[in-house]
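Here's the structure we're looking at; comments come further down.
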Amino acid sequence: MITIVLADDHNVMRQGLRSLLEAESDFRVIGEAGNGNEAIRLVGELHPDVLVLDMVMPGMNGVEVIQNLKQPAPSVIVLSMFAAEGYVHKAMRAGAKAYVLKQATANELVHAIREVVGGRRYLSRALSERAIDAYVKETINGNLDPFLALTGREREVLQGIAGGGTSKQLAVELSVSPRTIEFHRANIMRKLGFHSQQELLLYCVRTGILQG
Amino acid sequence: MSGMAVQKRQSAGIRKHRNGIGSSEAEQALRNFESAAISLFQSNSELVWVHDTEYNIIRVSRGVEQTFGKGLVGEKCYRAYRGRDTVCPDCPTARLLGNGEAAFSTEQTAVDGRTYSVTCLPLTNPKGNVVAVLEHCTDITRRKEAEKELLRVNGFWSTVFNNANDAICIINVADLTIADANEAFLRKYSLTKGQAIGKTCYQITHHSSISCLSPRHTCPLTVTAASGRHSSFEHVHYDSAGNEVFLEVSAAPIYSRERGISQVVHVSKDITERKQAERALRASEENYRNSLDNSPLGIRILTVDGETLYANQSLLNIFGCTTVNELRAAPVAERYAGERYAENKVRGKQGSAWRPVTDTYEVSIIRKDGEIRHLRVYQREVKWAGEARYQAIYEDVTDYRRARETLTSLSRRLIEIQEDERRNIARELHDQVGQSLNVVNLLLQRTISAPAGDNVSLLSEAQSQVAELISRVSNLSLDLRPSMLDDLGLLDALVWYIGRYTATTNVQVDFKHFGLEREMEPEIKTTLYRVVQEALTNVARHAGVDRATVNIWADKGRLCLRIEDKGRGFDPTSLSSSNSSGVSGMQERLSLVGGTLNIESAPEKGTCIIAEIPLGNASENDEKTR
């Protein structure tokens, strides 16, 4: 006999789930919780084999519930409306054994329960088909070049400064007022995180903006 | 005693003397001389007389007779000349007789009321005994009066000198020592006359051991001594306590007969109070002028004819002029924007003459460079240099008005967006969700009425309708507000959004990010998410490309966003209204969290959006390091 606690803030959803799960002869729903705190309390009291947990609940979300479960914790199956990888990762990292979409077929949830009781992990079919790896790839290590934050005008001014131009000369060259050049210069320093003209020139040499 | 008797006795005296010689020719000569002497004596117009030791008058000159009358011989002299009954207490003869002085002189007032200087000569017999006294009188009444007058005048001038409020001293030119000083002078330097006289003027008035030569201390004494003319300078002295005393010093020369200018009168008038008042006045004038000149508001003083008398720097800046003359030179009609100028003329009321009025109004002006600025003017009547003038204070409300206009158009746009969204949601609910539910309803009805074996396929169809409904509702919800922004954070929300964006638009997004896992204020997360959403939506709609770059990075102080495409681009100065409201929406969102937006684009040059948002704890860090 597999004992189950259901946690979902929607009563209708819980009823649906209960009738679905109790159709399985070896499943028994021994408790229902309407929020995260209740779920933690019930799991502590009833020691079910499986906790079927809604990802998004008011107050405390599913991930937080997992993190607050008393050991030994039951196998957790996260049930969610969201297929976004972020949710999946977060739930799995927190310790969930399965992630099942609510819109999945009833069979999938039953299958997921059997899988986790058997010590395996399970992801909804819609999810496992996705290339979750791509998500990780997009996070790069190391900072992005702050040069990216410079506008085209600011880059022109930086080039001018690197070339040894004074504000006055640059103003004439770019047909703006010297005050505008000073304004750009201040923005460049701020965006690149420099505090002195010297740092700025060193940066120009290092990045090849200043040749020679 | 009669005059004759005195005369006889006198001749007897002379005769006795003559007998002593003992020669008849000599006697005759002597007699001739005697009678000549007597007649000379008697005809003398001077006041001369002889009296014996008993004060009886023996002989008088004609001058005596003319002054005191005839028939005085034989009279007592004190009776005759001074109308007394006894010998005068100041009688020179008495003193002569008393101590035997050879000649004695004194001053006496006679019965005629005049003052005489009396000189006595003793007449002696051969034995040397005084037998008579010759007295000679000179009328010194005029001289005495002159002396008295001189004394009076001296006293007058001395009073003036000593009671003058100005410090006066007389200084010897040769060595600049003080010859005399008045009370005011002595008081000022806390000296007695004795202490002052003989000291040099610079010792006392400058506490200096050398005479003053610095330009600040032009010495009027030397000027006057050299020129011989009166001179006057403002000059600084130091009182006994060493405080600066501002003076107006005048010097006038005193000539001596032999050496030209020997002394100088040095009059110093204390003008410290006046100087201090002048200084205070200047300082207060400067304060007022500064407060006008440096006011951030434009201030102008006008005549009733509209001529500018004064304009401060802010006013010149507002009108785009560099000088007041430049402002004056520009005709009023050219300074004001047409419609506003017309209003202004109407405001002037009085026909053709431009007359400023006292009130508060707004005008639009055309700057020298052609830019139109909106000004709020507060105009009041004032007195300027004693004349009735107008003071106009100009506040440049252009930015305020523009902000107000932007705000108005923004709130209009907000309402439009809200209505658009509601319309979309309503349509989605009605057309899609509603219709699907109707279908499910129909299928379920048919299930109820259908024979038991057929309902499996109907239920299966209903189930797939419901599954589609679930995904529709889910998408609708995420479009309105992605829950992962709250549940998972900015990065997850962006990854999700970009994934869905690429799926629906076929635009590939090169997304690089750094530092987004950190905690951020919810409004900053929302702002950045919406800006990315808006920018990428614009790329898909307008750029006509299949690639875009999104770079987002956060350091401890700020969050930077750069979204770039190599697409069609546009001229940022001529945004279409729907486009521009999207841009101003981004701008508005960013400015609410203190961020900035920069859009660079040109037709066929692609578009680059750079946004910057300061992050909260940066300011905390700043405060800690401060």
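We name chains A, B, ... following the order of the structure tokens; residues begin at 1 in each chain, and ligands are numbered from 1 as shown.
Those residues that approach Ala94 (chain A) to within 8 Å, counting only C-alpha atoms, are Val63, Ile66 and Gln67 of chain A; same-chain residues fewer than 5 positions away are not listed.
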### Message
Can you pull out the residues contacting Arg518 (chain B)? Cut-off 10 Å, using only C-alpha atoms, and skip same-chain residues under 5 positions away; I want them as a ChimeraX atom specification.
### Response
/B:489-491,554-556
Export of the given selection (C-alpha atoms) as a PDB file, in the first residue's frame:
```pdb
ATOM      1  CA  GLY B 489      13.407  35.500 -10.452  1.00  0.00           C
ATOM      2  CA  LEU B 490      14.387  37.697 -13.367  1.00  0.00           C
ATOM      3  CA  LEU B 491      16.708  35.299 -15.117  1.00  0.00           C
ATOM      4  CA  ALA B 554      24.587  43.463 -13.090  1.00  0.00           C
ATOM      5  CA  ASP B 555      27.430  44.579 -10.888  1.00  0.00           C
ATOM      6  CA  LYS B 556      27.132  45.775  -7.341  1.00  0.00           C
TER       7      LYS B 556
END
```
- [ ] Can you list, as a PyMOL selection string, all residues belonging to region 368-610 of chain B that DSSP tags as strand (DSSP E or B)?
- [x] chain B and resi 372-384+387-396+508-514+547-554+558-565+596-601+607-610
Which residues of chain B come within 7 Å of chain A, and what is each one's closest atom pair and distance in Å (one decimal), counting only C-alpha atoms, sorted by chain and residue number, as JSON lines?
```
{"residue": "B:Ala467", "atom": "CA", "partner": "A:Gln103", "partner_atom": "CA", "distance": 6.2}
{"residue": "B:Ile470", "atom": "CA", "partner": "A:Gln103", "partner_atom": "CA", "distance": 6.8}
{"residue": "B:Leu488", "atom": "CA", "partner": "A:Gly86", "partner_atom": "CA", "distance": 6.7}
{"residue": "B:Asp492", "atom": "CA", "partner": "A:Gly86", "partner_atom": "CA", "distance": 5.2}
{"residue": "B:Trp496", "atom": "CA", "partner": "A:Ala84", "partner_atom": "CA", "distance": 6.0}
{"residue": "B:Phe511", "atom": "CA", "partner": "A:Glu138", "partner_atom": "CA", "distance": 6.7}
{"residue": "B:Lys512", "atom": "CA", "partner": "A:Glu138", "partner_atom": "CA", "distance": 6.3}
{"residue": "B:His513", "atom": "CA", "partner": "A:Thr139", "partner_atom": "CA", "distance": 6.3}
{"residue": "B:Phe514", "atom": "CA", "partner": "A:Asn143", "partner_atom": "CA", "distance": 5.9}
{"residue": "B:Trp553", "atom": "CA", "partner": "A:Leu144", "partner_atom": "CA", "distance": 6.6}
{"residue": "B:Cys560", "atom": "CA", "partner": "A:Ala149", "partner_atom": "CA", "distance": 6.6}
{"residue": "B:Arg562", "atom": "CA", "partner": "A:Ala149", "partner_atom": "CA", "distance": 6.6}
{"residue": "B:Ile610", "atom": "CA", "partner": "A:Ala149", "partner_atom": "CA", "distance": 6.4}
```
Which residues are near Cys201 (chain B)? Cut-off 12 Å, only C-alpha atoms, ignore same chain within fewer than 2 positions. Put them as an mmCIF file with N, CA and C atoms, in the first residue's frame.
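So out-v9.cif came out as:
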```cif
data_model
loop_
_atom_site.group_PDB
_atom_site.id
_atom_site.type_symbol
_atom_site.label_atom_id
_atom_site.label_comp_id
_atom_site.auth_asym_id
_atom_site.auth_seq_id
_atom_site.Cartn_x
_atom_site.Cartn_y
_atom_site.Cartn_z
ATOM 1 N N ILE B 168 42.985 119.650 15.167
ATOM 2 C CA ILE B 168 43.825 120.596 14.428
ATOM 3 C C ILE B 168 45.187 120.653 15.090
ATOM 4 N N CYS B 169 46.213 120.632 14.284
ATOM 5 C CA CYS B 169 47.520 120.898 14.846
ATOM 6 C C CYS B 169 48.329 121.716 13.864
ATOM 7 N N ILE B 170 49.297 122.389 14.432
ATOM 8 C CA ILE B 170 50.174 123.218 13.601
ATOM 9 C C ILE B 170 51.490 122.466 13.564
ATOM 10 N N ILE B 171 51.960 122.235 12.362
ATOM 11 C CA ILE B 171 53.152 121.394 12.224
ATOM 12 C C ILE B 171 54.258 122.192 11.555
ATOM 13 N N ASN B 172 55.431 122.077 12.136
ATOM 14 C CA ASN B 172 56.594 122.746 11.553
ATOM 15 C C ASN B 172 57.031 121.971 10.326
ATOM 16 N N VAL B 173 57.175 122.685 9.230
ATOM 17 C CA VAL B 173 57.499 122.011 7.970
ATOM 18 C C VAL B 173 58.891 121.404 8.026
ATOM 19 N N ASP B 175 60.815 119.929 10.302
ATOM 20 C CA ASP B 175 61.085 118.602 10.865
ATOM 21 C C ASP B 175 59.804 117.836 11.190
ATOM 22 N N LEU B 176 58.662 118.357 10.726
ATOM 23 C CA LEU B 176 57.354 117.722 10.955
ATOM 24 C C LEU B 176 57.055 117.538 12.446
ATOM 25 N N THR B 177 57.550 118.448 13.253
ATOM 26 C CA THR B 177 57.178 118.403 14.666
ATOM 27 C C THR B 177 55.927 119.237 14.864
ATOM 28 N N ILE B 178 55.229 118.919 15.939
ATOM 29 C CA ILE B 178 53.984 119.608 16.219
ATOM 30 C C ILE B 178 54.283 120.869 17.017
ATOM 31 N N ALA B 179 53.790 121.995 16.486
ATOM 32 C CA ALA B 179 54.027 123.260 17.162
ATOM 33 C C ALA B 179 52.876 123.591 18.100
ATOM 34 N N ASP B 180 51.689 123.179 17.709
ATOM 35 C CA ASP B 180 50.522 123.422 18.563
ATOM 36 C C ASP B 180 49.448 122.414 18.167
ATOM 37 N N ALA B 181 48.564 122.154 19.106
ATOM 38 C CA ALA B 181 47.509 121.198 18.808
ATOM 39 C C ALA B 181 46.281 121.575 19.598
ATOM 40 N N PHE B 185 42.432 117.350 19.008
ATOM 41 C CA PHE B 185 43.593 116.573 18.607
ATOM 42 C C PHE B 185 44.162 115.823 19.809
ATOM 43 N N TYR B 189 44.278 111.572 20.601
ATOM 44 C CA TYR B 189 45.469 110.746 20.803
ATOM 45 C C TYR B 189 45.824 110.613 22.289
ATOM 46 N N GLN B 195 52.847 116.818 25.973
ATOM 47 C CA GLN B 195 53.324 115.568 25.366
ATOM 48 C C GLN B 195 53.335 115.649 23.842
ATOM 49 N N ALA B 196 52.408 116.459 23.319
ATOM 50 C CA ALA B 196 52.266 116.496 21.868
ATOM 51 C C ALA B 196 53.301 117.402 21.230
ATOM 52 N N ILE B 197 53.477 118.530 21.813
ATOM 53 C CA ILE B 197 54.332 119.521 21.176
ATOM 54 C C ILE B 197 55.775 119.028 21.137
ATOM 55 N N GLY B 198 56.380 119.187 19.981
ATOM 56 C CA GLY B 198 57.769 118.760 19.828
ATOM 57 C C GLY B 198 57.888 117.370 19.232
ATOM 58 N N LYS B 199 56.818 116.552 19.363
ATOM 59 C CA LYS B 199 56.851 115.221 18.736
ATOM 60 C C LYS B 199 56.537 115.360 17.254
ATOM 61 N N GLN B 203 54.808 110.206 14.386
ATOM 62 C CA GLN B 203 54.954 109.463 15.639
ATOM 63 C C GLN B 203 53.588 109.320 16.317
ATOM 64 N N ILE B 204 52.855 110.421 16.313
ATOM 65 C CA ILE B 204 51.600 110.443 17.057
ATOM 66 C C ILE B 204 50.444 109.854 16.259
ATOM 67 N N THR B 205 50.373 110.203 14.971
ATOM 68 C CA THR B 205 49.180 109.791 14.228
ATOM 69 C C THR B 205 49.361 108.458 13.504
ATOM 70 N N HIS B 206 50.565 108.026 13.338
ATOM 71 C CA HIS B 206 50.784 106.745 12.637
ATOM 72 C C HIS B 206 51.554 105.747 13.486
ATOM 73 N N HIS B 207 51.943 106.156 14.682
ATOM 74 C CA HIS B 207 52.768 105.302 15.543
ATOM 75 C C HIS B 207 53.968 104.784 14.770
ATOM 76 N N SER B 208 54.531 105.658 13.977
ATOM 77 C CA SER B 208 55.608 105.227 13.100
ATOM 78 C C SER B 208 56.830 106.082 13.374
ATOM 79 N N SER B 209 57.996 105.510 13.145
ATOM 80 C CA SER B 209 59.222 106.263 13.401
ATOM 81 C C SER B 209 59.705 106.948 12.130
ATOM 82 N N ILE B 210 59.023 106.681 11.013
ATOM 83 C CA ILE B 210 59.409 107.380 9.785
ATOM 84 C C ILE B 210 58.177 108.072 9.210
ATOM 85 N N SER B 211 58.425 109.118 8.446
ATOM 86 C CA SER B 211 57.282 109.838 7.881
ATOM 87 C C SER B 211 56.606 108.952 6.841
ATOM 88 N N CYS B 212 55.297 109.169 6.665
ATOM 89 C CA CYS B 212 54.541 108.235 5.819
ATOM 90 C C CYS B 212 54.694 108.596 4.363
ATOM 91 N N CYS B 219 50.583 112.137 2.111
ATOM 92 C CA CYS B 219 50.691 113.089 3.214
ATOM 93 C C CYS B 219 50.375 114.478 2.701
ATOM 94 N N PRO B 220 49.272 115.035 3.205
ATOM 95 C CA PRO B 220 48.882 116.373 2.712
ATOM 96 C C PRO B 220 49.902 117.440 3.119
ATOM 97 N N LEU B 221 50.637 117.178 4.207
ATOM 98 C CA LEU B 221 51.599 118.170 4.686
ATOM 99 C C LEU B 221 52.671 118.424 3.638
ATOM 100 N N THR B 222 53.235 117.319 3.138
ATOM 101 C CA THR B 222 54.329 117.472 2.184
ATOM 102 C C THR B 222 53.809 118.080 0.888
ATOM 103 N N HIS B 237 44.647 107.281 9.912
ATOM 104 C CA HIS B 237 45.481 107.401 11.110
ATOM 105 C C HIS B 237 45.156 106.257 12.036
ATOM 106 N N TYR B 238 45.924 106.184 13.090
ATOM 107 C CA TYR B 238 45.676 105.131 14.084
ATOM 108 C C TYR B 238 45.531 105.784 15.434
ATOM 109 N N VAL B 264 52.453 124.326 8.823
ATOM 110 C CA VAL B 264 51.251 123.916 8.095
ATOM 111 C C VAL B 264 50.156 123.644 9.118
ATOM 112 N N VAL B 265 48.965 124.133 8.832
ATOM 113 C CA VAL B 265 47.823 123.813 9.690
ATOM 114 C C VAL B 265 47.259 122.481 9.197
ATOM 115 N N HIS B 266 47.130 121.576 10.104
ATOM 116 C CA HIS B 266 46.727 120.220 9.746
ATOM 117 C C HIS B 266 45.379 119.963 10.411
#
```
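Relative to CA of Lys605 (chain B), CA of Gln159 (chain A) is found at 20.3 Å.
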Problem set entry | Shell around region 49-58 of chain B at 7 Å using only C-alpha atoms, local window under 3 positions removed, as number ranges by chain | B: 3, 6-7, 61, 72-77, 131-136
What would the file look like if the residues just selected were written as an mmCIF file, in the first residue's frame with N, CA and C atoms?
```cif
data_model
loop_
_atom_site.group_PDB
_atom_site.id
_atom_site.type_symbol
_atom_site.label_atom_id
_atom_site.label_comp_id
_atom_site.auth_asym_id
_atom_site.auth_seq_id
_atom_site.Cartn_x
_atom_site.Cartn_y
_atom_site.Cartn_z
ATOM 1 N N GLY B 3 52.797 179.714 38.279
ATOM 2 C CA GLY B 3 53.722 179.283 37.214
ATOM 3 C C GLY B 3 54.974 180.155 37.197
ATOM 4 N N VAL B 6 57.537 179.083 39.825
ATOM 5 C CA VAL B 6 58.269 177.849 39.457
ATOM 6 C C VAL B 6 59.356 178.182 38.429
ATOM 7 N N GLN B 7 58.938 179.050 37.467
ATOM 8 C CA GLN B 7 59.874 179.414 36.420
ATOM 9 C C GLN B 7 61.112 180.098 37.017
ATOM 10 N N SER B 61 55.294 171.678 28.151
ATOM 11 C CA SER B 61 55.461 171.949 26.714
ATOM 12 C C SER B 61 54.120 172.376 26.122
ATOM 13 N N LEU B 72 48.777 175.136 33.931
ATOM 14 C CA LEU B 72 49.023 173.975 34.779
ATOM 15 C C LEU B 72 50.227 174.183 35.687
ATOM 16 N N VAL B 73 51.131 175.167 35.331
ATOM 17 C CA VAL B 73 52.346 175.409 36.119
ATOM 18 C C VAL B 73 51.960 175.776 37.540
ATOM 19 N N GLY B 74 52.578 175.167 38.472
ATOM 20 C CA GLY B 74 52.270 175.431 39.883
ATOM 21 C C GLY B 74 51.296 174.411 40.436
ATOM 22 N N GLU B 75 50.582 173.709 39.577
ATOM 23 C CA GLU B 75 49.619 172.682 40.055
ATOM 24 C C GLU B 75 50.378 171.420 40.435
ATOM 25 N N LYS B 76 49.792 170.636 41.291
ATOM 26 C CA LYS B 76 50.363 169.322 41.551
ATOM 27 C C LYS B 76 50.138 168.471 40.289
ATOM 28 N N CYS B 77 51.142 167.697 39.944
ATOM 29 C CA CYS B 77 50.999 166.935 38.690
ATOM 30 C C CYS B 77 49.866 165.911 38.760
ATOM 31 N N VAL B 131 66.653 167.521 41.861
ATOM 32 C CA VAL B 131 65.913 168.718 42.236
ATOM 33 C C VAL B 131 64.589 168.788 41.487
ATOM 34 N N ALA B 132 64.563 168.192 40.358
ATOM 35 C CA ALA B 132 63.295 168.176 39.592
ATOM 36 C C ALA B 132 63.245 166.910 38.716
ATOM 37 N N VAL B 133 62.087 166.700 38.169
ATOM 38 C CA VAL B 133 61.926 165.510 37.325
ATOM 39 C C VAL B 133 61.309 165.923 36.004
ATOM 40 N N LEU B 134 61.914 165.469 34.930
ATOM 41 C CA LEU B 134 61.344 165.713 33.600
ATOM 42 C C LEU B 134 60.542 164.470 33.194
ATOM 43 N N GLU B 135 59.317 164.731 32.854
ATOM 44 C CA GLU B 135 58.500 163.575 32.434
ATOM 45 C C GLU B 135 58.100 163.733 30.984
ATOM 46 N N HIS B 136 58.182 162.631 30.279
ATOM 47 C CA HIS B 136 57.786 162.678 28.859
ATOM 48 C C HIS B 136 56.681 161.633 28.650
#
```
